[in-house]
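Colleague: Pasting my_file31.cif here (mmCIF, C-alpha atoms):
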data_work
#
loop_
_atom_site.label_atom_id
_atom_site.label_comp_id
_atom_site.auth_asym_id
_atom_site.auth_seq_id
_atom_site.Cartn_x
_atom_site.Cartn_y
_atom_site.Cartn_z
CA MET A 4 -12.39 40.05 -18.74
CA ASN A 5 -13.74 41.42 -22.03
CA GLU A 6 -11.77 39.92 -24.90
CA HIS A 7 -13.96 38.53 -27.68
CA ARG A 8 -15.47 40.09 -30.80
CA VAL A 9 -18.75 38.56 -31.96
CA VAL A 10 -20.65 39.12 -35.20
CA ALA A 11 -24.41 38.43 -35.09
CA LEU A 12 -25.52 38.01 -38.71
CA GLY A 13 -29.25 38.70 -38.82
CA GLY A 14 -28.86 39.93 -35.25
CA ALA A 15 -31.76 42.39 -35.41
CA GLY A 16 -34.26 39.74 -36.54
CA ALA A 17 -36.74 37.80 -34.43
CA MET A 18 -34.39 34.86 -33.73
CA GLY A 19 -31.22 36.94 -33.62
CA ARG A 20 -32.40 39.48 -31.07
CA PRO A 21 -32.61 37.12 -28.04
CA ALA A 22 -29.15 35.75 -28.87
CA VAL A 23 -27.73 39.27 -29.09
CA GLU A 24 -29.36 40.23 -25.79
CA ALA A 25 -27.79 37.22 -24.05
CA LEU A 26 -24.32 37.60 -25.57
CA ALA A 27 -24.23 41.37 -25.00
CA GLN A 28 -24.31 40.76 -21.26
CA ARG A 29 -21.48 38.22 -21.16
CA GLY A 30 -18.41 39.49 -19.39
CA ASP A 31 -16.05 37.99 -21.96
CA VAL A 32 -17.50 39.78 -25.02
CA ALA A 33 -15.82 43.09 -25.79
CA GLU A 34 -17.55 43.96 -29.08
CA LEU A 35 -20.76 42.66 -30.57
CA VAL A 36 -21.51 43.61 -34.18
CA ILE A 37 -25.26 43.55 -34.90
CA ALA A 38 -25.05 42.86 -38.64
CA ASP A 39 -28.38 43.01 -40.41
CA ARG A 40 -29.77 44.00 -43.80
CA ASP A 41 -32.07 46.35 -41.85
CA LEU A 42 -29.57 48.82 -40.43
CA ALA A 43 -32.29 50.86 -38.71
CA ALA A 44 -33.45 47.75 -36.82
CA ALA A 45 -29.86 47.03 -35.78
CA GLU A 46 -29.49 50.59 -34.53
CA ARG A 47 -32.73 50.35 -32.54
CA LEU A 48 -31.62 47.10 -30.92
CA ALA A 49 -28.25 48.61 -29.97
CA ALA A 50 -30.05 51.57 -28.41
CA ASP A 51 -32.45 49.29 -26.54
CA LEU A 52 -29.55 47.32 -25.02
CA ALA A 53 -27.27 50.26 -24.30
CA GLY A 54 -28.17 50.35 -20.62
CA VAL A 55 -27.64 46.66 -19.90
CA ALA A 56 -24.92 45.52 -22.30
CA SER A 57 -21.39 45.02 -21.02
CA ALA A 58 -20.14 44.73 -24.62
CA THR A 59 -19.75 47.57 -27.08
CA LEU A 60 -22.59 47.23 -29.60
CA ILE A 61 -21.86 48.09 -33.22
CA PRO A 62 -24.85 48.22 -35.64
CA GLN A 63 -23.80 47.45 -39.18
CA ALA A 64 -25.54 46.89 -42.51
CA ALA A 65 -24.86 43.42 -43.92
CA ASP A 66 -25.99 41.41 -46.93
CA ALA A 67 -25.83 37.66 -46.37
CA THR A 68 -25.79 37.09 -50.12
CA ASP A 69 -22.54 39.07 -50.63
CA PRO A 70 -19.69 36.57 -50.10
CA VAL A 71 -16.89 39.13 -50.40
CA ARG A 72 -18.44 41.46 -47.83
CA LEU A 73 -19.15 38.56 -45.47
CA ARG A 74 -15.50 37.54 -45.43
CA GLU A 75 -14.49 41.11 -44.64
CA LEU A 76 -17.09 41.28 -41.87
CA PHE A 77 -16.02 37.99 -40.28
CA ARG A 78 -12.26 38.41 -40.58
CA ASP A 79 -11.65 40.24 -37.29
CA ALA A 80 -14.27 38.32 -35.29
CA ASP A 81 -13.75 35.41 -32.93
CA ILE A 82 -17.15 33.92 -33.71
CA VAL A 83 -20.16 34.57 -35.91
CA ILE A 84 -23.69 33.56 -34.96
CA ASN A 85 -25.99 33.19 -37.96
CA THR A 86 -29.79 33.43 -37.90
CA THR A 87 -30.29 34.37 -41.57
CA GLY A 88 -32.42 32.10 -43.69
CA PRO A 89 -33.58 30.24 -45.55
CA PHE A 90 -30.71 27.92 -44.73
CA PHE A 91 -31.19 25.82 -47.84
CA ARG A 92 -30.10 28.95 -49.70
CA LEU A 93 -27.76 30.76 -47.29
CA GLY A 94 -26.42 28.18 -44.85
CA VAL A 95 -23.54 26.83 -46.91
CA PRO A 96 -22.20 30.14 -48.31
CA VAL A 97 -22.26 31.85 -44.90
CA LEU A 98 -20.43 28.91 -43.30
CA GLU A 99 -17.91 28.93 -46.15
CA ALA A 100 -17.28 32.64 -45.52
CA ALA A 101 -16.65 31.94 -41.83
CA ILE A 102 -14.24 29.10 -42.64
CA ASP A 103 -12.34 31.24 -45.14
CA ALA A 104 -12.12 34.02 -42.52
CA ARG A 105 -10.93 31.46 -39.92
CA THR A 106 -13.79 32.49 -37.63
CA HIS A 107 -15.75 30.13 -35.40
CA TYR A 108 -19.41 29.73 -36.31
CA VAL A 109 -22.80 28.78 -34.81
CA ASP A 110 -26.24 28.79 -36.48
CA ILE A 111 -29.85 27.63 -36.09
CA CYS A 112 -30.12 25.66 -39.36
CA ASP A 113 -33.27 23.51 -39.24
CA ASP A 114 -33.17 22.23 -42.85
CA TRP A 115 -31.93 18.68 -43.28
CA GLU A 116 -30.71 19.15 -46.86
CA PRO A 117 -28.15 21.92 -46.20
CA THR A 118 -27.17 20.14 -42.99
CA LEU A 119 -25.67 17.40 -45.15
CA ASP A 120 -23.86 19.97 -47.30
CA MET A 121 -22.53 21.83 -44.26
CA LEU A 122 -21.29 18.64 -42.61
CA ALA A 123 -19.38 17.98 -45.85
CA LEU A 124 -17.29 21.10 -45.03
CA ASP A 125 -15.88 19.41 -41.92
CA ALA A 126 -12.40 18.76 -43.31
CA ARG A 127 -12.18 22.29 -44.67
CA ALA A 128 -13.14 23.71 -41.26
CA ARG A 129 -10.63 21.51 -39.46
CA SER A 130 -7.80 22.57 -41.74
CA SER A 131 -8.69 26.23 -41.07
CA GLY A 132 -8.86 25.76 -37.30
CA VAL A 133 -12.57 26.60 -37.22
CA ILE A 134 -15.19 25.25 -34.82
CA ALA A 135 -18.66 25.26 -36.40
CA VAL A 136 -21.79 24.12 -34.56
CA ILE A 137 -24.83 23.91 -36.82
CA GLY A 138 -28.47 23.59 -35.80
CA ALA A 139 -28.10 25.09 -32.32
CA GLY A 140 -31.63 26.37 -31.76
CA ALA A 141 -34.65 24.69 -30.19
CA SER A 142 -35.15 21.82 -32.65
CA PRO A 143 -32.52 21.03 -33.68
CA GLY A 144 -30.42 22.20 -30.76
CA THR A 145 -32.17 21.67 -27.43
CA SER A 146 -33.61 18.49 -28.93
CA ASN A 147 -30.08 17.19 -29.60
CA MET A 148 -29.07 17.92 -26.02
CA LEU A 149 -32.12 16.02 -24.77
CA ALA A 150 -31.02 13.10 -26.96
CA ALA A 151 -27.57 13.29 -25.40
CA LEU A 152 -29.11 12.92 -21.94
CA ALA A 153 -31.41 10.10 -23.06
CA THR A 154 -28.59 8.03 -24.56
CA ARG A 155 -25.66 8.71 -22.25
CA ASP A 156 -26.26 5.77 -19.86
CA LEU A 157 -27.17 3.23 -22.55
CA ASP A 158 -24.59 0.66 -23.62
CA THR A 159 -26.17 0.35 -27.05
CA VAL A 160 -28.70 2.60 -28.79
CA ASP A 161 -31.35 1.10 -31.06
CA ASP A 162 -33.66 4.08 -31.70
CA VAL A 163 -33.65 7.83 -31.09
CA PHE A 164 -36.66 10.05 -31.70
CA THR A 165 -36.90 13.78 -31.06
CA ALA A 166 -40.27 15.51 -30.74
CA TRP A 167 -41.55 19.09 -30.63
CA PRO A 168 -45.07 20.45 -30.07
CA VAL A 169 -47.39 21.92 -32.69
CA ASP A 170 -50.80 22.30 -31.05
CA VAL A 171 -50.41 20.71 -27.63
CA PRO A 172 -49.88 22.72 -24.43
CA PHE A 173 -46.27 23.44 -23.53
CA VAL A 174 -44.86 25.68 -20.83
CA GLY A 175 -42.58 27.49 -23.31
CA ASP A 176 -45.39 28.67 -25.57
CA ALA A 177 -46.36 32.32 -25.86
CA PRO A 178 -49.92 33.20 -26.89
CA GLU A 179 -48.79 35.12 -29.97
CA ASP A 180 -46.02 32.69 -30.92
CA SER A 181 -47.24 29.41 -32.39
CA ALA A 182 -45.00 26.49 -33.34
CA ALA A 183 -45.36 27.36 -37.00
CA GLY A 184 -44.39 30.95 -36.31
CA ALA A 185 -44.52 33.75 -38.82
CA SER A 186 -45.08 33.40 -42.55
CA ALA A 187 -41.45 32.68 -43.55
CA ALA A 188 -41.26 29.94 -40.92
CA THR A 189 -44.52 28.49 -42.19
CA VAL A 190 -43.17 28.31 -45.74
CA HIS A 191 -40.18 26.41 -44.39
CA TRP A 192 -42.52 24.11 -42.46
CA MET A 193 -44.45 23.33 -45.64
CA GLN A 194 -41.21 22.43 -47.38
CA GLN A 195 -40.37 19.97 -44.60
CA LEU A 196 -43.85 18.42 -44.81
CA SER A 197 -43.77 17.76 -48.57
CA GLY A 198 -41.82 15.60 -50.98
CA THR A 199 -39.59 13.16 -49.12
CA ILE A 200 -37.47 13.61 -46.02
CA GLN A 201 -34.34 11.86 -44.80
CA THR A 202 -34.76 9.59 -41.80
CA TRP A 203 -32.84 6.62 -40.41
CA VAL A 204 -34.34 3.14 -40.90
CA ASP A 205 -32.78 -0.27 -40.32
CA GLY A 206 -29.46 1.31 -39.48
CA LYS A 207 -29.05 3.42 -42.62
CA PRO A 208 -30.32 6.66 -44.22
CA ALA A 209 -33.77 6.35 -45.76
CA GLU A 210 -35.94 8.66 -47.84
CA ARG A 211 -39.49 8.55 -46.46
CA PRO A 212 -42.66 10.58 -46.91
CA PRO A 213 -43.31 13.13 -44.15
CA LEU A 214 -46.29 12.94 -41.78
CA GLU A 215 -45.91 9.22 -41.21
CA PRO A 216 -47.39 8.11 -37.86
CA VAL A 217 -44.90 6.93 -35.23
CA THR A 218 -46.25 5.23 -32.11
CA LEU A 219 -44.01 5.75 -29.08
CA ASP A 220 -44.19 4.39 -25.55
CA TYR A 221 -42.74 7.09 -23.31
CA PRO A 222 -41.46 5.80 -19.93
CA GLY A 223 -43.88 6.56 -17.14
CA SER A 224 -46.42 8.25 -19.43
CA GLY A 225 -47.69 5.69 -21.90
CA THR A 226 -48.23 5.29 -25.61
CA GLY A 227 -49.10 7.97 -28.14
CA THR A 228 -48.69 8.76 -31.81
CA ALA A 229 -46.67 11.58 -33.35
CA TYR A 230 -45.96 12.43 -37.03
CA THR A 231 -42.67 12.73 -38.90
CA VAL A 232 -41.28 15.99 -40.27
CA GLY A 233 -38.13 16.83 -42.22
CA HIS A 234 -35.44 17.99 -39.76
CA PRO A 235 -31.67 17.64 -39.17
CA GLU A 236 -31.84 15.40 -36.09
CA PRO A 237 -32.20 12.06 -37.92
CA VAL A 238 -29.38 13.18 -40.23
CA THR A 239 -26.94 13.81 -37.36
CA LEU A 240 -28.00 11.78 -34.31
CA PRO A 241 -27.36 8.33 -35.84
CA GLY A 242 -23.68 9.28 -36.09
CA THR A 243 -23.22 11.01 -32.75
CA ARG A 244 -25.39 8.55 -30.81
CA ALA A 245 -24.43 5.35 -32.74
CA VAL A 246 -28.05 4.50 -33.55
CA THR A 247 -28.37 0.95 -34.89
CA ARG A 248 -32.02 0.93 -35.94
CA SER A 249 -34.30 3.98 -36.35
CA SER A 250 -34.34 7.74 -35.93
CA ALA A 251 -36.80 10.46 -36.91
CA CYS A 252 -37.97 13.88 -35.84
CA VAL A 253 -41.67 13.96 -35.05
CA MET A 254 -44.34 16.53 -34.28
CA VAL A 255 -46.61 16.16 -31.28
CA VAL A 256 -49.85 17.17 -32.96
CA GLN A 257 -53.57 16.53 -32.60
CA PRO A 258 -55.21 14.31 -35.26
CA THR A 259 -57.36 17.13 -36.67
CA THR A 260 -54.27 19.26 -37.32
CA ALA A 261 -52.33 16.29 -38.72
CA ALA A 262 -55.18 15.57 -41.14
CA TYR A 263 -55.20 19.21 -42.28
CA LEU A 264 -51.43 19.16 -42.84
CA MET A 265 -51.72 15.93 -44.84
CA THR A 266 -54.25 17.60 -47.12
CA LEU A 267 -51.86 20.49 -47.76
CA ARG A 268 -48.96 18.08 -48.28
CA ASP A 269 -50.87 16.22 -50.97
CA ASP A 270 -51.73 19.48 -52.73
CA ILE A 271 -48.07 20.58 -52.67
CA ASP A 272 -46.86 17.23 -53.98
CA SER A 273 -49.45 17.23 -56.79
CA GLY A 274 -48.56 20.77 -57.84
CA LYS A 275 -51.91 22.26 -56.83
CA LEU A 276 -50.30 24.49 -54.21
CA SER A 277 -46.94 26.24 -53.98
CA LEU A 278 -45.15 26.31 -50.64
CA GLU A 279 -46.25 29.91 -50.22
CA GLU A 280 -49.88 29.10 -50.99
CA ALA A 281 -49.82 26.18 -48.56
CA ALA A 282 -48.33 28.45 -45.89
CA ALA A 283 -51.16 30.90 -46.47
CA ALA A 284 -53.62 28.04 -46.02
CA VAL A 285 -52.04 27.33 -42.62
CA ASP A 286 -52.15 30.94 -41.52
CA HIS A 287 -55.71 31.35 -42.87
CA PRO A 288 -57.46 27.95 -42.90
CA THR A 289 -60.42 27.46 -45.22
CA ALA A 290 -63.63 25.53 -44.71
CA GLY A 291 -62.98 23.55 -47.89
CA ASN A 292 -59.62 22.28 -46.68
CA PHE A 293 -61.08 21.42 -43.29
CA ALA A 294 -63.84 19.44 -44.99
CA ARG A 295 -61.31 17.43 -47.00
CA ALA A 296 -59.18 16.88 -43.92
CA ALA A 297 -62.19 15.62 -41.99
CA LEU A 298 -62.27 12.54 -44.23
CA ARG A 299 -58.82 11.52 -42.92
CA ARG A 300 -59.42 12.34 -39.29
CA PRO A 301 -61.12 9.08 -38.17
CA TRP A 302 -58.07 7.04 -39.16
CA LEU A 303 -55.49 9.09 -37.29
CA ARG A 304 -54.34 8.65 -33.72
CA GLY A 305 -53.28 11.38 -31.32
CA PRO A 306 -50.43 12.01 -28.88
CA ARG A 307 -52.43 11.00 -25.81
CA ALA A 308 -49.97 10.99 -22.90
CA LEU A 309 -46.80 11.88 -24.83
CA PRO A 310 -44.87 14.88 -23.47
CA ALA A 311 -44.74 18.00 -25.65
CA PHE A 312 -40.98 18.38 -26.19
CA PHE A 313 -38.73 15.35 -25.68
CA ALA A 314 -36.15 12.88 -26.91
CA LEU A 315 -36.76 9.15 -26.56
CA ALA A 316 -34.06 6.49 -26.88
CA THR A 317 -34.28 2.72 -26.77
CA GLY A 318 -31.39 0.34 -26.34
CA SER A 319 -29.69 -1.77 -23.72
CA ARG A 320 -27.94 -1.30 -20.41
CA GLY A 321 -26.28 -4.12 -18.53
CA GLY A 322 -27.69 -6.58 -21.03
CA ARG A 323 -31.30 -5.49 -20.44
CA PRO A 324 -33.50 -3.52 -22.86
CA TYR A 325 -34.26 0.02 -21.72
CA ALA A 326 -36.24 3.03 -22.85
CA VAL A 327 -35.00 6.43 -21.69
CA GLY A 328 -36.78 9.72 -22.28
CA ALA A 329 -35.57 13.26 -21.60
CA ARG A 330 -38.32 15.88 -21.62
CA LEU A 331 -38.22 19.63 -21.41
CA ILE A 332 -40.32 20.93 -18.52
CA ALA A 333 -39.34 24.62 -18.72
CA SER A 334 -38.13 26.86 -21.51
CA PRO A 335 -37.57 30.45 -22.61
CA ARG A 336 -41.03 31.65 -23.61
CA GLY A 337 -41.93 31.86 -27.30
CA MET A 338 -40.33 30.43 -30.43
CA ALA A 339 -37.90 33.33 -30.90
CA ARG A 340 -36.38 33.07 -27.40
CA ALA A 341 -36.53 29.26 -27.37
CA THR A 342 -34.40 29.35 -30.54
CA GLY A 343 -32.16 32.39 -29.99
CA ILE A 344 -31.14 31.67 -26.39
CA PRO A 345 -29.74 28.18 -27.22
CA LEU A 346 -27.74 29.78 -30.03
CA ALA A 347 -26.13 32.13 -27.52
CA LEU A 348 -25.45 29.24 -25.11
CA ALA A 349 -23.71 27.24 -27.84
CA ALA A 350 -21.60 30.26 -28.76
CA GLY A 351 -20.75 30.72 -25.10
CA GLN A 352 -19.27 27.23 -24.78
CA ILE A 353 -17.00 28.01 -27.73
CA LEU A 354 -16.03 31.44 -26.40
CA ASP A 355 -15.05 30.14 -22.97
CA GLY A 356 -12.90 27.38 -24.45
CA SER A 357 -15.11 24.46 -23.44
CA VAL A 358 -15.38 23.36 -27.07
CA ARG A 359 -11.99 22.82 -28.69
CA THR A 360 -12.62 20.30 -31.47
CA HIS A 361 -12.28 21.88 -34.90
CA GLY A 362 -14.68 20.92 -37.67
CA VAL A 363 -18.42 21.07 -38.37
CA HIS A 364 -20.55 19.51 -35.64
CA PRO A 365 -24.15 19.08 -34.54
CA PRO A 366 -24.70 20.41 -31.00
CA ASP A 367 -24.67 17.12 -29.10
CA ALA A 368 -21.30 16.16 -30.60
CA VAL A 369 -19.38 18.90 -28.76
CA LEU A 370 -21.56 20.77 -26.23
CA ASP A 371 -21.81 19.70 -22.60
CA PRO A 372 -25.48 18.90 -21.85
CA GLU A 373 -25.29 19.54 -18.10
CA ARG A 374 -23.78 22.99 -18.60
CA TYR A 375 -26.23 23.65 -21.40
CA PHE A 376 -29.34 22.99 -19.34
CA ASP A 377 -27.93 24.74 -16.26
CA ALA A 378 -27.39 27.85 -18.39
CA LEU A 379 -30.78 27.48 -20.08
CA ALA A 380 -32.45 27.49 -16.66
CA ALA A 381 -31.44 31.11 -16.05
CA HIS A 382 -33.20 32.18 -19.27
CA CYS A 383 -36.50 30.42 -18.64
CA ASP A 384 -39.65 32.40 -17.87
CA PRO A 385 -39.54 32.64 -14.90
CA PRO A 386 -35.84 31.82 -14.35
CA ARG A 387 -35.00 28.46 -12.80
CA ALA A 388 -32.13 27.58 -10.50
CA ASP A 389 -30.63 24.58 -12.31
CA ARG A 390 -31.15 21.92 -14.98
CA GLY A 391 -33.27 19.81 -12.62
CA GLU A 392 -36.00 22.43 -13.03
CA VAL A 393 -35.68 22.44 -16.84
CA VAL A 394 -35.33 18.84 -17.96
CA LYS A 395 -36.46 15.51 -16.50
CA VAL A 396 -35.07 12.11 -17.47
CA ASP A 397 -37.47 9.14 -17.33
CA GLN A 398 -36.45 5.52 -17.85
CA ALA A 399 -37.86 2.02 -17.62
CA PRO A 400 -37.01 -1.50 -18.72
CA ALA A 401 -38.72 -2.12 -22.06
CA THR A 402 -38.94 -4.60 -24.90
CA ALA A 403 -40.73 -2.64 -27.64
CA THR A 404 -41.32 1.11 -27.53
CA THR A 405 -41.70 2.16 -31.16
CA SER A 406 -43.88 1.33 -34.13
CA TRP A 407 -42.50 2.81 -37.35
CA PRO A 408 -42.13 2.66 -40.29
CA ALA A 409 -45.01 0.73 -41.82
#
Before anything else, please render the file you have as structure tokens.
Modeller:
Amino acid sequence: MNEHRVVALGGAGAMGRPAVEALAQRGDVAELVIADRDLAAAERLAADLAGVASATLIPQAADATDPVRLRELFRDADIVINTTGPFFRLGVPVLEAAIDARTHYVDICDDWEPTLDMLALDARARSSGVIAVIGAGASPGTSNMLAALATRDLDTVDDVFTAWPVDVPFVGDAPEDSAAGASAATVHWMQQLSGTIQTWVDGKPAERPPLEPVTLDYPGSGTGTAYTVGHPEPVTLPGTRAVTRSSACVMVVQPTTAAYLMTLRDDIDSGKLSLEEAAAAVDHPTAGNFARAALRRPWLRGPRALPAFFALATGSRGGRPYAVGARLIASPRGMARATGIPLALAAGQILDGSVRTHGVHPPDAVLDPERYFDALAAHCDPPRADRGEVVKVDQAPATATTSWPA
């Protein structure tokens, strides 16, 4: 039965479009407002979906920087999905608008700094009867749900690492859609590879430099090295998974690429490059930067047998040490769909009443992982039948499976 009204803020953009496509075909969505600063793009998307959507699609111009207008837009909605960025600038005010409008909320925030600020709105959301799930994309998002699977049968959790691919083969990749993505995404990536990032070390938050090597022993595969990046997972997983020792988000990346990124990081930190200039150097590499990076390359190790997209947990079960990994083996193709589809799935669990806990939450705190991966299977390319064709859990008794930090 159609009953819900959904607002998709940034719904005509690259990440918003797949979420809109998925939600527009849900039987319980009556109206879907495609709210975007580009009204023409919203109108085109509504026209494109007219033949398949069960919901009434309403294109509407929207400015994410206008707090008064946002509250008016959200007031009559049951839920808002937010794909507008950068989240370090827009995440908090958009969430505040949803809370003030008493409207449930889901986004794809992948910045660790605003994640802390948005979690601080938990009490305000609870008092307003609002459910907010933040970081419900690919990473964070799917990565959190992998961590939920990896930790669920452990009695105690020592370490949790989440990993996503940069330049290693993965079934969810599209030829035109690299891990870094388009220019705006690359600028964000440079921000998360410079300065310091928040991780979890010795059972407490820790500021560390990015691109630190982390050696992991994945059950059934073997040992490889990945490199840290600023992301929300080590901000949220220690609380939801009760991590007693270490947590970080890492990139599965070849040593040559890691060396190149380290060169750009040093130039950003020294003031030689702005984030935008560093992003341009990623999109259009230069021989000079490659030459400088080549000096680092001999000292760096590669991923070897590590999977491309996974969560790895260590801890104990029945008094014995265990390592448990959950790896993605199928995905919606391309970064946009791999991010937008999970957003729609998170919104769906709120719309159907599966999530009832008010407040601001990371995905693994409130979403059901089995339902999540079963639903994700239908959106893979090609579609899969169930979660067993999307995610595989590997485990083995272990004594030491990580080497980080130095």
Colleague: List the residues selected by the PyMOL selection byres ((chain A and resi 64) around 12) in the file shown, writing them as a list in words.
Modeller: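 In the shown coordinates, the PyMOL selection byres ((chain A and resi 64) around 12) covers Val10, Ala11, Leu12, Gly13, Gly14, Ala15, Val36, Ile37, Ala38, Asp39, Arg40, Asp41, Leu42, Ala43, Ala44, Ala45, Glu46, Ile61, Pro62, Gln63, Ala65, Asp66, Ala67, Asp69, Arg72, Leu73 and Leu76 of chain A.
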Colleague: Output the residue selection produced by the PyMOL selection byres ((chain A and resi 375-385) around 10) on the file above, formatted as JSON, numbers by chain.
Modeller: {"A": [25, 145, 148, 149, 174, 175, 331, 333, 334, 335, 336, 337, 340, 341, 344, 345, 347, 348, 349, 351, 352, 370, 371, 372, 373, 374, 386, 387, 388, 389, 390, 391, 392, 393, 394]}
Colleague: Could you spell out the hits of the PyMOL selection byres ((chain A and resi 297-306) around 7) on the shown file, as a VMD selection string?
Modeller: chain A and resid 227 to 229 255 to 259 262 293 to 296 307 to 309
Colleague: Go ahead and dump the residues you just picked, C-alpha atoms, as a tab-separated table (two decimals), keeping the file's coordinate frame.
Modeller:
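Output file out-v7.tsv is given in full below:
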chain	number	residue	atom	x	y	z
A	227	GLY	CA	-49.10	7.97	-28.14
A	228	THR	CA	-48.69	8.76	-31.81
A	229	ALA	CA	-46.67	11.58	-33.35
A	255	VAL	CA	-46.61	16.16	-31.28
A	256	VAL	CA	-49.85	17.17	-32.96
A	257	GLN	CA	-53.57	16.53	-32.60
A	258	PRO	CA	-55.21	14.31	-35.26
A	259	THR	CA	-57.36	17.13	-36.67
A	262	ALA	CA	-55.18	15.57	-41.14
A	293	PHE	CA	-61.08	21.42	-43.29
A	294	ALA	CA	-63.84	19.44	-44.99
A	295	ARG	CA	-61.31	17.43	-47.00
A	296	ALA	CA	-59.18	16.88	-43.92
A	307	ARG	CA	-52.43	11.00	-25.81
A	308	ALA	CA	-49.97	10.99	-22.90
A	309	LEU	CA	-46.80	11.88	-24.83
Colleague: Restricting the calculation to all atoms listed in the file: of A:Thr360, A:Thr226, A:Val190, A:Gly19, which residue gets closest to Leu276 (chain A)?
Modeller: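 For Leu276 (chain A), the nearest of the candidates is A:Val190.
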Colleague: Can you tell me, as a ChimeraX atom specification, which residues sit within 12 Å of (-41.4, 21.8, -45.9) in the file's frame, using only C-alpha atoms?
Modeller: /A:89,91,113-116,183,187-200,212-214,231-234,264-265,267-268,271-272,277-279,281-282
Colleague: So how far away is CA of Asp355 (chain A) from CA of Gly30 (chain A), in Å?
Modeller: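 If I compute the distance from CA of Gly30 (chain A) to CA of Asp355 (chain A), I get 10.6 Å.
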Colleague: Kindly give the distance, in Å, that separates CA of Tyr221 (chain A) and CA of Tyr263 (chain A), rounded to a single decimal.
Modeller: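 Computing it gives 25.7 Å between the two atoms.
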Colleague: Considering all atoms listed in the file, state which residue in the set A:His364, A:Lys275, A:Lys395, A:Arg105 is at the smallest distance from Gly328 (chain A).
Modeller: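 Checking each of A:His364, A:Lys275, A:Lys395, A:Arg105 against Gly328 (chain A), counting all atoms listed in the file, the winner is A:Lys395.
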Colleague: What's the 12 Å shell around Pro70 (chain A), counting all atoms listed in the file, without same-chain residues fewer than 2 positions away, as a PyMOL selection string?
Modeller: chain A and resi 65-68+72-77+93-104
Colleague: Go ahead and compute the interatomic distance for CA of Ser142 (chain A) and CA of Ala27 (chain A), in Å to one decimal.
Modeller: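 Distance reported for this atom pair: 23.7 Å.
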Colleague: Name the closest residue to Asp269 (chain A) among the candidates A:Gly138, A:Asn292, A:Pro143, A:Arg47; distances are taken between atoms, counting all atoms listed in the file.
Modeller: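 Once distances to Asp269 (chain A) are computed over all atoms listed in the file, the minimum belongs to A:Asn292.
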Colleague: Just the residues within 10 Å of region 131-136 of chain A, please, counting all atoms listed in the file, with nothing from its chain fewer than 6 positions along; format it as an NGL selection string.
Modeller: :A and (81-84 or 98 or 101-112 or 121-122 or 124-125 or 144 or 346 or 349-350 or 353 or 358-370)
Colleague: Using all atoms listed in the file for the distances, tell me which of A:Ala58, A:Ala22, A:Ala311, A:Ala284 is nearest to Ala139 (chain A).
Modeller: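 Selected residue with least distance to Ala139 (chain A): A:Ala22.
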Colleague: If we count only C-alpha atoms, what is near Pro310 (chain A) at a cut-off of 8 Å, once residues fewer than 3 positions away on the same chain are taken out, given as a ChimeraX atom specification?
Modeller: /A:224,313,330
Colleague: Could you give me, as a list in words, the residues that have an atom at most 9 Å away from the point (-45.1, 2.1, -33.6) in the coordinates of the file, using all atoms listed in the file?
Modeller: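 Those within range, by chain then number, are Pro216, Val217, Thr218, Leu219, Asp220, Gly227, Thr228, Ala403, Thr404, Thr405, Ser406, Trp407, Pro408 and Ala409 of chain A.
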Colleague: As lines of an AutoDock Vina configuration file, please: the centre and edge lengths in Å, to one decimal, of an axis-aligned box enclosing every listed atom of region 340-350 of chain A with 5 Å added on each side.
Modeller:
center_x = -29.1
center_y = 30.2
center_z = -27.8
size_x = 24.9
size_y = 15.8
size_z = 15.4
Colleague: If we count only C-alpha atoms and set the cut-off at 9 Å, which residues sit around region 153-163 of chain A, ignoring sequence neighbours fewer than 3 positions away in its own chain? Please answer as a ChimeraX atom specification.
Modeller: /A:148-150,206,237,240-241,244-252,314-322,325-329,396-398,405
Colleague: Limit the output to N, CA, C and O atoms and give region 344-349 of chain A as a CSV table (one decimal), in the first residue's frame.
Modeller:
chain,number,residue,atom,x,y,z
A,344,ILE,N,22.4,2.7,-4.0
A,344,ILE,CA,21.6,1.6,-3.6
A,344,ILE,C,21.5,1.3,-2.1
A,344,ILE,O,20.5,1.2,-1.5
A,345,PRO,N,22.7,1.2,-1.5
A,345,PRO,CA,22.6,1.0,0.0
A,345,PRO,C,21.9,2.1,0.7
A,345,PRO,O,21.2,1.8,1.7
A,346,LEU,N,22.0,3.4,0.2
A,346,LEU,CA,21.2,4.4,0.8
A,346,LEU,C,19.7,4.1,0.8
A,346,LEU,O,19.0,4.3,1.8
A,347,ALA,N,19.2,3.7,-0.4
A,347,ALA,CA,17.8,3.3,-0.5
A,347,ALA,C,17.4,2.1,0.4
A,347,ALA,O,16.3,2.1,0.9
A,348,LEU,N,18.3,1.1,0.5
A,348,LEU,CA,18.1,0.0,1.4
A,348,LEU,C,17.9,0.4,2.8
A,348,LEU,O,17.1,-0.1,3.6
A,349,ALA,N,18.8,1.3,3.3
A,349,ALA,CA,18.7,1.8,4.6
A,349,ALA,C,17.4,2.6,4.9
A,349,ALA,O,16.7,2.3,5.9
